[in-house]
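Pasting protein-v7.cif here (mmCIF, C-alpha atoms):
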```cif
data_start
loop_
_atom_site.label_atom_id
_atom_site.label_comp_id
_atom_site.auth_asym_id
_atom_site.auth_seq_id
_atom_site.Cartn_x
_atom_site.Cartn_y
_atom_site.Cartn_z
CA MET A 12 18.23 -48.72 19.68
CA TRP A 13 16.42 -47.18 16.68
CA HIS A 14 19.22 -48.24 14.31
CA ASN A 15 19.29 -51.77 15.76
CA LYS A 16 15.58 -52.17 15.08
CA LEU A 17 16.02 -51.00 11.50
CA ILE A 18 18.93 -53.39 10.92
CA PHE A 19 16.92 -56.31 12.30
CA ALA A 20 13.89 -55.35 10.24
CA LEU A 21 15.95 -55.22 7.03
CA PHE A 22 17.52 -58.58 7.83
CA PHE A 23 14.05 -60.02 8.43
CA LEU A 24 12.80 -58.82 5.05
CA LEU A 25 15.80 -60.21 3.19
CA SER A 26 15.84 -63.55 4.96
CA TYR A 27 12.14 -64.35 4.54
CA ARG A 28 12.56 -64.30 0.73
CA ILE A 29 14.48 -67.60 0.84
CA ASN A 30 12.08 -69.50 3.10
CA ALA A 31 10.72 -72.82 1.85
CA GLN A 32 7.75 -72.54 -0.50
CA SER A 33 5.12 -75.03 -1.51
CA PRO A 34 5.84 -76.78 -4.84
CA PHE A 35 2.63 -75.33 -6.33
CA PHE A 36 3.58 -71.78 -5.37
CA SER A 37 7.12 -72.06 -6.70
CA ASN A 38 5.85 -73.55 -9.97
CA TYR A 39 3.86 -70.42 -10.74
CA PHE A 40 5.02 -67.52 -8.58
CA ASP A 41 7.98 -65.52 -7.36
CA THR A 42 8.09 -64.17 -3.79
CA CYS A 43 7.27 -60.66 -4.98
CA THR A 44 3.93 -58.91 -5.46
CA LEU A 45 2.22 -57.97 -8.70
CA ARG A 46 0.14 -54.89 -7.98
CA LEU A 47 -2.77 -54.22 -10.32
CA ASP A 48 -3.95 -50.60 -10.35
CA PHE A 49 -7.43 -49.91 -11.69
CA VAL A 50 -9.92 -47.08 -11.94
CA GLN A 51 -13.55 -47.86 -11.24
CA THR A 52 -16.05 -45.59 -12.96
CA GLY A 53 -19.81 -45.53 -13.07
CA ASN A 54 -22.98 -44.89 -11.12
CA TYR A 55 -25.94 -46.80 -9.72
CA PHE A 56 -26.84 -48.18 -13.13
CA TYR A 57 -23.47 -49.30 -14.49
CA GLU A 58 -19.81 -49.78 -13.64
CA LYS A 59 -16.59 -50.38 -15.49
CA MET A 60 -13.10 -51.23 -14.30
CA GLU A 61 -10.15 -50.12 -16.40
CA THR A 62 -6.51 -51.12 -15.95
CA VAL A 63 -4.06 -48.28 -15.38
CA ARG A 64 -0.73 -49.92 -14.58
CA PHE A 65 0.93 -53.09 -13.33
CA LEU A 66 3.80 -52.88 -10.85
CA LYS A 67 6.29 -55.37 -9.47
CA GLU A 68 6.78 -54.85 -5.74
CA PRO A 69 9.46 -56.53 -3.65
CA TYR A 70 7.58 -58.60 -1.06
CA TRP A 71 4.69 -61.04 -1.07
CA GLY A 72 3.09 -61.08 2.39
CA GLY A 73 0.49 -63.74 1.72
CA SER A 74 0.48 -67.48 2.26
CA TYR A 75 2.40 -69.85 0.00
CA GLN A 76 -0.25 -72.50 0.71
CA GLN A 77 -3.64 -70.75 0.64
CA LEU A 78 -3.75 -69.51 -2.93
CA ILE A 79 -7.38 -70.27 -3.78
CA ASP A 80 -10.10 -68.32 -1.95
CA HIS A 81 -12.86 -70.63 -0.66
CA PHE A 82 -14.77 -67.97 1.31
CA GLY A 83 -16.36 -66.13 -1.60
CA TYR A 84 -16.52 -62.90 0.43
CA GLY A 85 -16.41 -59.40 -1.01
CA ASN A 86 -18.23 -57.48 -3.70
CA TYR A 87 -15.45 -58.22 -6.18
CA PHE A 88 -13.42 -61.33 -6.96
CA ILE A 89 -10.20 -61.83 -8.92
CA LYS A 90 -9.08 -65.06 -10.59
CA VAL A 91 -5.61 -65.68 -12.01
CA PHE A 92 -5.06 -68.48 -14.55
CA ASP A 93 -1.86 -69.87 -15.98
CA LEU A 94 -2.18 -68.84 -19.63
CA THR A 95 -0.69 -72.03 -21.08
CA SER A 96 -2.56 -74.69 -19.08
CA GLY A 97 -5.67 -72.75 -18.07
CA GLN A 98 -5.04 -73.78 -14.43
CA LEU A 99 -6.57 -71.52 -11.77
CA ILE A 100 -3.52 -70.56 -9.70
CA TYR A 101 -4.81 -67.75 -7.46
CA SER A 102 -8.10 -66.13 -6.42
CA ARG A 103 -9.26 -63.63 -3.83
CA GLY A 104 -12.34 -61.63 -2.84
CA PHE A 105 -12.22 -57.93 -1.99
CA GLY A 106 -14.26 -54.75 -1.82
CA SER A 107 -13.90 -51.07 -2.68
CA ILE A 108 -15.39 -47.70 -1.81
CA PHE A 109 -16.75 -47.43 -5.35
CA GLN A 110 -19.24 -50.21 -4.67
CA GLU A 111 -20.52 -48.31 -1.63
CA TRP A 112 -20.71 -45.03 -3.55
CA ARG A 113 -23.01 -46.69 -6.11
CA LEU A 114 -25.62 -47.06 -3.36
CA VAL A 115 -25.87 -43.42 -2.26
CA PRO A 116 -28.67 -41.26 -3.76
CA GLU A 117 -26.23 -39.10 -5.75
CA ALA A 118 -25.13 -42.14 -7.75
CA ARG A 119 -28.48 -42.21 -9.54
CA GLU A 120 -27.65 -38.86 -11.17
CA GLU A 121 -23.86 -38.56 -11.14
CA ILE A 122 -20.85 -40.52 -12.40
CA SER A 123 -17.78 -40.90 -10.22
CA THR A 124 -14.34 -42.54 -10.43
CA TYR A 125 -12.26 -44.19 -7.70
CA GLN A 126 -8.83 -45.77 -7.48
CA LEU A 127 -8.34 -49.45 -6.72
CA SER A 128 -5.26 -51.58 -6.12
CA VAL A 129 -5.27 -55.39 -5.98
CA ASN A 130 -2.25 -57.47 -5.01
CA ILE A 131 -1.49 -60.97 -6.31
CA PRO A 132 1.70 -63.05 -6.05
CA PHE A 133 4.06 -62.22 -8.90
CA PRO A 134 3.61 -64.78 -11.70
CA LEU A 135 6.63 -66.41 -13.35
CA LYS A 136 4.83 -66.91 -16.67
CA PRO A 137 2.06 -65.16 -18.65
CA VAL A 138 -1.35 -65.25 -16.99
CA LYS A 139 -4.99 -64.55 -17.74
CA ILE A 140 -6.78 -62.41 -15.16
CA GLU A 141 -10.53 -62.15 -14.64
CA VAL A 142 -12.26 -59.69 -12.31
CA TYR A 143 -15.88 -60.22 -11.26
CA SER A 144 -18.48 -57.97 -9.63
CA ARG A 145 -21.63 -58.95 -7.73
CA ASP A 146 -24.99 -58.06 -9.18
CA SER A 147 -28.07 -57.17 -7.13
CA MET A 148 -28.78 -60.86 -6.49
CA ASN A 149 -25.21 -61.52 -5.29
CA LEU A 150 -24.33 -63.42 -8.47
CA TRP A 151 -20.88 -62.94 -10.04
CA VAL A 152 -20.69 -60.99 -13.31
CA LEU A 153 -17.46 -60.79 -15.34
CA LEU A 154 -16.28 -57.17 -15.24
CA ASN A 155 -12.82 -57.27 -16.83
CA THR A 156 -10.47 -59.83 -18.35
CA PHE A 157 -6.97 -59.44 -19.77
CA HIS A 158 -3.68 -61.23 -20.38
CA LEU A 159 -0.46 -60.16 -18.71
CA ASN A 160 3.19 -60.98 -19.44
CA PRO A 161 5.25 -60.47 -16.27
CA ASP A 162 8.50 -60.02 -18.24
CA THR A 163 7.33 -56.61 -19.42
CA LEU A 164 6.71 -55.10 -15.98
CA ALA A 165 8.79 -52.48 -14.21
CA SER A 166 9.60 -52.52 -10.49
CA ASN A 167 8.02 -50.01 -8.14
CA GLN A 168 10.88 -48.38 -6.22
CA ILE A 169 9.62 -46.78 -3.00
CA ASN A 170 11.80 -45.73 -0.06
CA TYR A 171 10.33 -45.50 3.43
CA ARG A 172 11.67 -46.77 6.71
CA PHE A 173 9.62 -49.00 8.94
CA VAL A 174 9.54 -50.38 12.47
CA ASN A 175 8.56 -53.86 13.65
CA LEU A 176 5.87 -53.60 16.33
CA ARG A 177 5.14 -57.32 16.53
CA ASN A 178 7.32 -59.98 14.95
CA SER A 179 5.92 -63.49 15.28
CA GLY A 180 7.55 -65.26 12.34
CA LYS A 181 7.65 -65.67 8.58
CA PRO A 182 5.20 -63.45 6.67
CA SER A 183 4.02 -66.45 4.63
CA GLU A 184 2.86 -68.12 7.85
CA LYS A 185 1.35 -65.13 9.68
CA VAL A 186 -1.28 -62.45 9.28
CA ASP A 187 0.78 -59.42 8.28
CA ILE A 188 -0.63 -56.01 9.22
CA VAL A 189 0.97 -52.77 8.06
CA ILE A 190 0.09 -49.50 9.80
CA ILE A 191 0.25 -46.39 7.63
CA PRO A 192 0.25 -43.11 9.59
CA ASP A 193 -1.55 -40.06 8.25
CA GLY A 194 -1.38 -36.50 9.53
CA TYR A 195 1.86 -36.79 11.52
CA ARG A 196 4.55 -34.16 10.94
CA LYS A 197 8.23 -34.99 11.40
CA ARG A 198 8.27 -33.34 14.78
CA GLU A 199 5.46 -35.69 15.85
CA LYS A 200 7.54 -38.81 15.29
CA ARG A 201 7.54 -39.73 18.97
CA LYS A 202 3.75 -39.44 19.09
CA MET A 203 3.46 -41.51 15.91
CA LEU A 204 5.47 -44.34 17.45
CA LYS A 205 3.49 -44.24 20.70
CA ASP A 206 0.17 -44.19 18.87
CA ALA A 207 1.22 -47.08 16.62
CA ARG A 208 2.26 -49.19 19.60
CA ASN A 209 -1.12 -48.52 21.19
CA LEU A 210 -2.94 -49.43 17.98
CA SER A 211 -0.93 -52.63 17.59
CA GLU A 212 -2.14 -53.68 21.04
CA TRP A 213 -5.73 -52.54 20.54
CA VAL A 214 -6.31 -54.41 17.30
CA LEU A 215 -5.42 -57.72 18.96
CA SER A 216 -7.16 -57.06 22.28
CA TYR A 217 -10.50 -58.81 21.60
CA SER A 218 -11.24 -62.54 21.44
CA PRO A 219 -10.36 -64.54 19.44
CA LEU A 220 -7.51 -62.31 18.26
CA LYS A 221 -5.95 -61.87 21.69
CA GLU A 222 -5.57 -65.62 22.13
CA HIS A 223 -3.66 -65.79 18.82
CA LYS A 224 -1.33 -62.80 18.94
CA ASN A 225 1.56 -65.05 17.99
CA ARG A 226 0.00 -65.51 14.55
CA PHE A 227 0.30 -61.81 13.66
CA ASN A 228 3.12 -59.59 12.44
CA ILE A 229 2.61 -55.83 12.68
CA LYS A 230 4.80 -53.13 11.13
CA LEU A 231 4.63 -49.34 11.05
CA VAL A 232 5.86 -47.50 7.97
CA ILE A 233 7.41 -44.14 8.87
CA ALA A 234 5.62 -41.70 6.56
CA PHE A 235 5.33 -38.02 7.48
CA SER A 236 2.79 -35.41 6.39
CA GLU A 237 3.11 -31.69 5.76
CA ASP A 238 0.22 -30.96 8.13
CA SER A 239 -1.00 -32.47 11.37
CA GLY A 240 -4.49 -33.97 11.44
CA CYS A 241 -6.80 -34.71 8.51
CA ASP A 242 -9.59 -33.24 6.41
CA ASP A 243 -12.88 -32.62 8.20
CA PRO A 244 -15.12 -31.01 5.55
CA ASN A 245 -18.06 -30.45 7.91
CA GLU A 246 -15.80 -28.25 10.03
CA ASP A 247 -14.19 -26.59 6.98
CA ILE A 248 -10.81 -28.12 7.91
CA PHE A 249 -8.49 -29.23 5.13
CA LYS A 250 -4.98 -30.61 5.57
CA ASN A 251 -2.09 -31.68 3.36
CA THR A 252 -1.36 -35.23 4.52
CA VAL A 253 0.46 -38.18 3.05
CA VAL A 254 -2.57 -40.35 2.19
CA HIS A 255 -5.28 -37.68 2.47
CA THR A 256 -7.72 -39.29 4.89
CA HIS A 257 -10.95 -37.37 5.33
CA PHE A 258 -14.09 -37.52 7.42
CA ASN A 259 -17.57 -37.23 5.90
CA THR A 260 -17.01 -39.96 3.35
CA LEU A 261 -20.22 -40.53 1.35
CA GLY A 262 -21.86 -37.86 3.50
CA SER A 263 -21.35 -39.71 6.80
CA ASP A 264 -19.56 -37.40 9.26
CA ARG A 265 -17.57 -40.05 11.14
CA TYR A 266 -16.76 -42.20 8.07
CA LEU A 267 -12.98 -41.74 7.71
CA MET A 268 -11.50 -42.95 4.41
CA THR A 269 -9.00 -42.03 1.68
CA ASP A 270 -9.37 -41.81 -2.09
CA SER A 271 -5.57 -41.98 -2.56
CA VAL A 272 -5.46 -45.76 -2.77
CA TRP A 273 -2.46 -45.97 -5.12
CA LYS A 274 -0.35 -43.76 -2.84
CA LEU A 275 -1.45 -45.86 0.12
CA HIS A 276 -0.20 -49.03 -1.56
CA ASP A 277 3.03 -47.30 -2.62
CA ILE A 278 3.83 -46.63 1.02
CA ALA A 279 2.76 -50.09 2.19
CA SER A 280 4.91 -51.81 -0.46
CA VAL A 281 8.13 -51.46 1.56
CA VAL A 282 7.01 -54.38 3.76
CA PRO A 283 5.15 -57.67 3.21
CA TYR A 284 1.48 -57.20 4.17
CA ASP A 285 -1.94 -58.83 4.08
CA GLN A 286 -3.95 -56.04 5.73
CA ILE A 287 -3.59 -52.25 5.82
CA ILE A 288 -4.66 -50.08 8.75
CA ILE A 289 -4.45 -46.30 8.33
CA MET A 290 -3.79 -44.54 11.64
CA THR A 291 -5.00 -40.93 11.42
CA ASN A 292 -3.68 -38.32 13.83
CA SER A 293 -6.98 -37.02 15.18
CA SER A 294 -8.94 -37.10 18.41
CA LYS A 295 -12.30 -37.21 16.65
CA TYR A 296 -14.39 -40.38 16.86
CA GLY A 297 -14.38 -42.13 13.51
CA GLY A 298 -13.03 -44.80 11.23
CA GLY A 299 -13.94 -47.03 8.35
CA ALA A 300 -13.13 -50.30 6.61
CA ILE A 301 -13.92 -52.42 3.58
CA TYR A 302 -13.10 -56.10 3.14
CA ASN A 303 -9.55 -56.65 1.85
CA TYR A 304 -9.34 -52.94 0.99
CA TYR A 305 -8.10 -51.18 4.12
CA ALA A 306 -9.23 -50.09 7.60
CA THR A 307 -8.92 -46.67 9.24
CA CYS A 308 -9.17 -45.28 12.74
CA THR A 309 -8.14 -42.15 14.58
CA SER A 310 -5.45 -42.50 17.20
CA GLY A 311 -6.50 -40.02 19.87
CA ASN A 312 -10.12 -40.71 20.76
CA PRO A 313 -11.04 -42.53 24.00
CA LEU A 314 -12.87 -45.10 21.83
CA SER A 315 -10.10 -45.57 19.26
CA GLY A 316 -9.34 -49.04 20.60
CA PHE A 317 -12.91 -50.15 20.05
CA VAL A 318 -13.06 -48.51 16.62
CA VAL A 319 -9.97 -50.26 15.24
CA SER A 320 -11.21 -53.63 16.51
CA HIS A 321 -14.65 -53.10 14.96
CA GLU A 322 -13.20 -51.87 11.66
CA PHE A 323 -10.68 -54.71 11.48
CA GLY A 324 -13.66 -57.06 11.74
CA HIS A 325 -14.83 -55.58 8.43
CA SER A 326 -11.52 -55.45 6.57
CA PHE A 327 -10.05 -58.74 7.77
CA ALA A 328 -12.99 -61.10 8.31
CA GLY A 329 -15.65 -59.56 6.06
CA LEU A 330 -18.04 -58.91 8.95
CA ALA A 331 -21.10 -56.74 8.36
CA ASP A 332 -22.42 -53.99 10.61
CA GLU A 333 -25.19 -55.43 12.77
CA TYR A 334 -26.92 -52.17 13.66
CA GLU A 335 -29.88 -50.42 12.04
CA GLY A 336 -29.90 -46.98 10.45
CA ASP A 337 -27.02 -44.47 10.44
CA SER A 338 -26.14 -45.20 6.83
CA PRO A 339 -25.89 -43.10 3.66
CA TYR A 340 -27.04 -46.00 1.50
CA THR A 341 -30.49 -46.30 -0.05
CA LEU A 342 -30.52 -50.10 0.18
CA TYR A 343 -27.28 -51.89 1.00
CA PHE A 344 -28.65 -55.43 1.14
CA SER A 345 -31.19 -57.04 -1.18
CA LEU A 346 -33.83 -58.90 0.82
CA SER A 347 -34.19 -61.35 -2.08
CA ALA A 348 -30.63 -62.64 -1.82
CA GLU A 349 -28.46 -64.07 0.96
CA PRO A 350 -25.74 -61.58 1.96
CA TRP A 351 -22.17 -62.80 1.53
CA GLU A 352 -21.16 -61.48 4.96
CA PRO A 353 -20.93 -64.36 7.45
CA ASN A 354 -22.64 -62.63 10.41
CA ILE A 355 -25.95 -61.52 8.88
CA THR A 356 -28.74 -63.29 7.00
CA THR A 357 -31.95 -62.59 5.12
CA LEU A 358 -32.98 -66.23 5.75
CA VAL A 359 -32.92 -66.81 1.97
CA ASP A 360 -30.15 -69.38 2.50
CA PHE A 361 -29.79 -69.60 6.25
CA ASN A 362 -28.42 -73.15 6.00
CA ALA A 363 -25.21 -71.59 4.69
CA LYS A 364 -24.88 -69.40 7.79
CA TRP A 365 -25.03 -70.24 11.52
CA LYS A 366 -28.20 -72.36 11.60
CA ASN A 367 -26.27 -75.43 12.75
CA MET A 368 -24.88 -73.46 15.71
CA ILE A 369 -28.30 -72.61 17.23
CA ASP A 370 -29.86 -74.66 20.03
CA LYS A 371 -32.98 -76.53 18.94
CA ASP A 372 -35.20 -74.72 21.45
CA ILE A 373 -34.38 -71.26 20.03
CA PRO A 374 -37.12 -69.96 17.68
CA ILE A 375 -36.18 -68.69 14.22
CA PRO A 376 -36.56 -65.72 13.93
CA THR A 377 -35.78 -65.03 17.57
CA PRO A 378 -37.77 -62.41 19.52
CA VAL A 379 -35.75 -59.53 20.94
CA ASP A 380 -36.60 -60.51 24.51
CA LYS A 381 -34.39 -60.46 27.60
CA LYS A 382 -34.82 -64.22 28.03
CA TYR A 383 -32.75 -64.62 24.86
CA SER A 384 -30.05 -62.23 25.98
CA GLY A 385 -26.69 -63.94 25.54
CA LYS A 386 -28.28 -66.65 23.38
CA LEU A 387 -27.33 -67.39 19.79
CA GLY A 388 -30.37 -66.90 17.60
CA VAL A 389 -31.70 -64.93 14.62
CA PHE A 390 -32.60 -61.39 15.73
CA GLU A 391 -34.19 -58.96 13.28
CA GLY A 392 -32.39 -55.69 12.61
CA ALA A 393 -28.94 -55.58 11.00
CA GLY A 394 -27.12 -54.32 7.92
CA TYR A 395 -28.61 -50.82 8.48
CA LEU A 396 -32.16 -52.21 8.09
CA GLN A 397 -34.80 -52.67 10.78
CA LYS A 398 -36.67 -55.36 8.87
CA GLY A 399 -35.64 -58.34 6.80
CA VAL A 400 -31.99 -58.68 7.83
CA TYR A 401 -31.03 -60.69 10.91
CA ARG A 402 -28.06 -60.89 13.28
CA PRO A 403 -26.81 -63.75 15.50
CA VAL A 404 -27.16 -62.18 18.98
CA MET A 405 -28.87 -59.25 20.64
CA ASP A 406 -25.60 -57.34 21.01
CA CYS A 407 -22.09 -57.66 19.58
CA THR A 408 -18.97 -55.60 18.86
CA MET A 409 -20.28 -55.30 15.29
CA ARG A 410 -23.57 -53.78 16.57
CA SER A 411 -22.75 -51.32 19.34
CA ILE A 412 -19.88 -49.85 21.32
CA SER A 413 -19.43 -53.16 23.09
CA PRO A 414 -15.72 -53.87 23.70
CA ASP A 415 -14.41 -57.44 23.45
CA ASN A 416 -17.84 -58.77 22.61
CA PHE A 417 -17.62 -60.46 19.23
CA CYS A 418 -20.45 -62.98 19.09
CA PRO A 419 -19.81 -66.71 18.41
CA VAL A 420 -20.53 -66.27 14.68
CA CYS A 421 -18.12 -63.34 14.37
CA ARG A 422 -15.47 -65.17 16.39
CA LYS A 423 -15.82 -68.19 14.13
CA ALA A 424 -15.41 -66.03 11.01
CA ILE A 425 -12.36 -64.28 12.46
CA MET A 426 -10.80 -67.57 13.47
CA GLU A 427 -11.33 -69.05 10.03
CA MET A 428 -9.54 -66.10 8.48
CA ILE A 429 -6.63 -66.32 10.94
CA ASN A 430 -6.24 -69.98 10.00
CA PHE A 431 -6.45 -69.19 6.30
CA TYR A 432 -3.54 -66.76 6.46
CA SER A 433 -1.37 -68.54 8.99
CA GLU A 434 -1.69 -72.28 8.42
#
```

Taking this structure as input, can you express it in the form of structure tokens?
Amino acid sequence: MWHNKLIFALFFLLSYRINAQSPFFSNYFDTCTLRLDFVQTGNYFYEKMETVRFLKEPYWGGSYQQLIDHFGYGNYFIKVFDLTSGQLIYSRGFGSIFQEWRLVPEAREEISTYQLSVNIPFPLKPVKIEVYSRDSMNLWVLLNTFHLNPDTLASNQINYRFVNLRNSGKPSEKVDIVIIPDGYRKREKRKMLKDARNLSEWVLSYSPLKEHKNRFNIKLVIAFSEDSGCDDPNEDIFKNTVVHTHFNTLGSDRYLMTDSVWKLHDIASVVPYDQIIIMTNSSKYGGGAIYNYYATCTSGNPLSGFVVSHEFGHSFAGLADEYEGDSPYTLYFSLSAEPWEPNITTLVDFNAKWKNMIDKDIPIPTPVDKKYSGKLGVFEGAGYLQKGVYRPVMDCTMRSISPDNFCPVCRKAIMEMINFYSE
């Protein structure tokens, strides 16, 4: 049975490469991925992004149709231009842990460096690439620009096996999730498979995802670690694992992330993917996610199903946390600018958010009163701040441990992203 699954999975990967492509895509791109590896260095006062290497990887998991990003989400944005014509041929927003680190108190006195990987479809001809960063007023600032000749690039040869957990169709027409396990030894293979099957069900168990399961592909890459578990610095626990996930990221005990981003993308490259979820072999409550970066969760906590759904809201749909406090950041959102996240507002440009979804008899801002429970409004307290940032409803999966309770604004944002990847 195991060998049959592997044979089918290999056939699937080979066959999808010859699927029909849009004329625009085939004019400019191959069905491979160009991976751009960067280092981000700086502190609260400055940042720089330096190129490290460019790699050709075998599979492009994204859409052949939706090449230009119209959402404008993320703290960073990449644009790819055909060098000869100047035509914009690809763009995408994304985030990174470096941007979050810049907002912790230590960043005012220290300099730090983080890895970053960004995937674009593999260009057939030389391109110009521009990378932008948001400033404090959410305006785009050019951070890096360079030319790239694809003929000079080497292929990244990585060998891992994988298993299909959900196969709904062509990667170019689906949302493709890859699960990367961390902290599973070879003798824990059976547990890894069981945990991954659970996670693949959990992540699609909330509306509107559960009504659109047939628009998702999910694969597990079989990657083993030397040790079982993960780093937990507050408990003086340190493990040797394949992608080195660790709790206490940025000083937050339950914030589970990895700094080994290049290794993470090496492992993921054996399948076509749009989104990465790291599944850590731990029973501790925790997780983390950043938009178009990756998401993490532990596999053995009673609330792991909620955590992966909440975190996938961040990494897939760009949703913000709607709760107050419990944050290592000095000031995550400027009250003088409208946040880019679709589910919070400072009312600076509320017309661009969910204003047209609110009933006319609902006051703006909306008092936190039981008579407005279940109503769509503008409730103060979100984005880690008690004042000045507003959320759509009194409670939501992005605010509290509230399973299958994405609010109408979050559901709309998730649905828009599903459509973007799968139509």

(Q) Could you list, as a PyMOL selection string, every residue within 7 Å of range 391-404 of chain A, counting all atoms listed in the file and ignoring same-chain residues fewer than 5 positions away? (A) chain A and resi 331-338+346+354-357+385-386+418+420

Q: Starting from the shown file, work through the PyMOL selection byres ((chain A and resi 57) around 12) and note down what comes out as a PyMOL selection string.
A: chain A and resi 51-56+58-60+109-110+113-114+118-123+144-147+154

Q: Using CA of Asp380 in chain A and CA of Pro353 in chain A as the two end points, give the distance in Å to one decimal.
A: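 Atom-to-atom, CA of Asp380 in chain A to CA of Pro353 in chain A, that is 23.5 Å.
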
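Compared by their closest atoms to Met405 in chain A, and using all atoms listed in the file, the residues A:Val379, A:Leu78, A:Ile287, A:Ile425 rank with A:Val379 nearest.
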
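Closest approach to Leu66 in chain A from the set A:Asp193, A:Asp415, A:Asp277, A:Asp41 is made by A:Asp277, with distances taken over all atoms listed in the file.
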
Q. Using all atoms listed in the file, which residues sit within 8 Å of Ser239 in chain A once same-chain residues fewer than 2 positions away are excluded, as a ChimeraX atom specification?
A. /A:194-196,236-237,241,250,252,292

Q.
As a check of understanding, name the residues that the PyMOL selection byres ((chain A and resi 206) around 12) selects in the supplied structure, as a PyMOL selection string.
A. chain A and resi 176+190-193+195+199-205+207-213+231+289-294+308-312+315-316

**Q.** Residue neighbourhood Asn149 in chain A, 8 Å, only C-alpha atoms, exclusion window fewer than 4 positions, as a VMD selection string
**A.** chain A and resid 145 348 to 351

List every residue of range 86-178 of chain A that has an atom at most 10 Å from any atom of range 320-330 of chain A, giving for each one its closest atom pair and the distance in Å to one decimal, counting only C-alpha atoms, sorted by chain and then by ascending residue number, as a Markdown table.
```
| residue | atom | partner | partner_atom | distance |
| --- | --- | --- | --- | --- |
| A:Gly104 | CA | A:Gly329 | CA | 9.7 |
| A:Phe105 | CA | A:Gly329 | CA | 8.9 |
| A:Gly106 | CA | A:Ser326 | CA | 8.9 |
```

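Between CA of Ser271 in chain A and CA of His255 in chain A there is a distance of 6.6 Å.
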
Q: Write out as a ChimeraX atom specification the residues lying within 10 Å of Asn225 in chain A, counting only C-alpha atoms and excluding same-chain residues fewer than 4 positions away.
A: /A:177-180,185-186,220-221

Q: For the structure provided, state which residues fall under the PyMOL selection byres ((chain A and resi 50) around 7), and present them as a list in words.
A: Phe49, Gln51, Thr52, Met60, Glu61, Thr62, Val63, Thr124, Tyr125, Gln126 and Leu127 of chain A

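Residue nearest Asn86 in chain A within the list A:Ser345, A:Asn160, A:Ser107, A:Asn430: A:Ser107 [criterion: smallest interatomic distance, all atoms listed in the file].
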
Q: Write out as a list in words which residues come within 10 Å of Leu135 in chain A when counting only C-alpha atoms, dropping same-chain ones fewer than 4 positions away.
A: Ser37, Asn38, Tyr39, Phe40, Asp41, Thr42, Asp93, Asn160, Pro161 and Asp162 of chain A

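In this model, the gap between CA of Pro182 in chain A and CA of Gln76 in chain A comes to 12.1 Å.
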
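Between Gly262 in chain A and the candidates A:Pro419, A:Pro244, A:Pro374, A:Gly72, the tightest atom-to-atom separation, counting all atoms listed in the file, involves A:Pro244.
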
Q: Identify the residues around (-9.5, -30.6, 5.6) within a radius of 10 Å, measuring from all atoms listed in the file in the coordinates stated by the file, and give them as a ChimeraX atom specification.
A: /A:240-252,255-258

Q: Kindly indicate which residue among A:Arg422, A:Leu267, A:Thr163, A:Val282 lies nearest to Ala300 in chain A, using only C-alpha atoms for the distances.
A: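 Using only C-alpha atoms, the shortest distance to Ala300 in chain A belongs to A:Leu267.
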
(Q) I'd like to know which of A:Lys382, A:Arg103, A:Arg46, A:Lys197 is closest to Trp273 in chain A, using only C-alpha atoms. (A)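 Checking each of A:Lys382, A:Arg103, A:Arg46, A:Lys197 against Trp273 in chain A, counting only C-alpha atoms, the winner is A:Arg46.
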
Please fill the gaps in range 251-260 of chain A so it has N, CA and C atoms, and write that as a compact mmCIF listing (two decimals), keeping the file's coordinate frame.
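Listed below is the output, rebuild05.txt:
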```
# COMPACT_ATOMS: atom_id res chain seq x y z
N ASN A 251 -2.95 -31.03 4.35
CA ASN A 251 -2.09 -31.68 3.36
C ASN A 251 -1.39 -32.85 4.04
N THR A 252 -1.91 -34.04 3.85
CA THR A 252 -1.36 -35.23 4.52
C THR A 252 -0.96 -36.28 3.50
N VAL A 253 -0.21 -37.26 3.97
CA VAL A 253 0.46 -38.18 3.05
C VAL A 253 -0.50 -39.08 2.30
N VAL A 254 -1.59 -39.53 2.92
CA VAL A 254 -2.57 -40.35 2.19
C VAL A 254 -3.97 -39.72 2.19
N HIS A 255 -4.07 -38.49 2.68
CA HIS A 255 -5.28 -37.68 2.47
C HIS A 255 -6.55 -38.30 3.04
N THR A 256 -6.49 -38.80 4.27
CA THR A 256 -7.72 -39.29 4.89
C THR A 256 -8.66 -38.12 5.16
N HIS A 257 -9.95 -38.41 5.13
CA HIS A 257 -10.95 -37.37 5.33
C HIS A 257 -12.20 -37.96 5.97
N PHE A 258 -12.78 -37.19 6.87
CA PHE A 258 -14.09 -37.52 7.42
C PHE A 258 -15.17 -37.19 6.38
N ASN A 259 -16.40 -37.53 6.72
CA ASN A 259 -17.57 -37.23 5.90
C ASN A 259 -17.55 -37.97 4.56
N THR A 260 -16.96 -39.14 4.55
CA THR A 260 -17.01 -39.96 3.35
C THR A 260 -18.45 -40.36 3.05
```
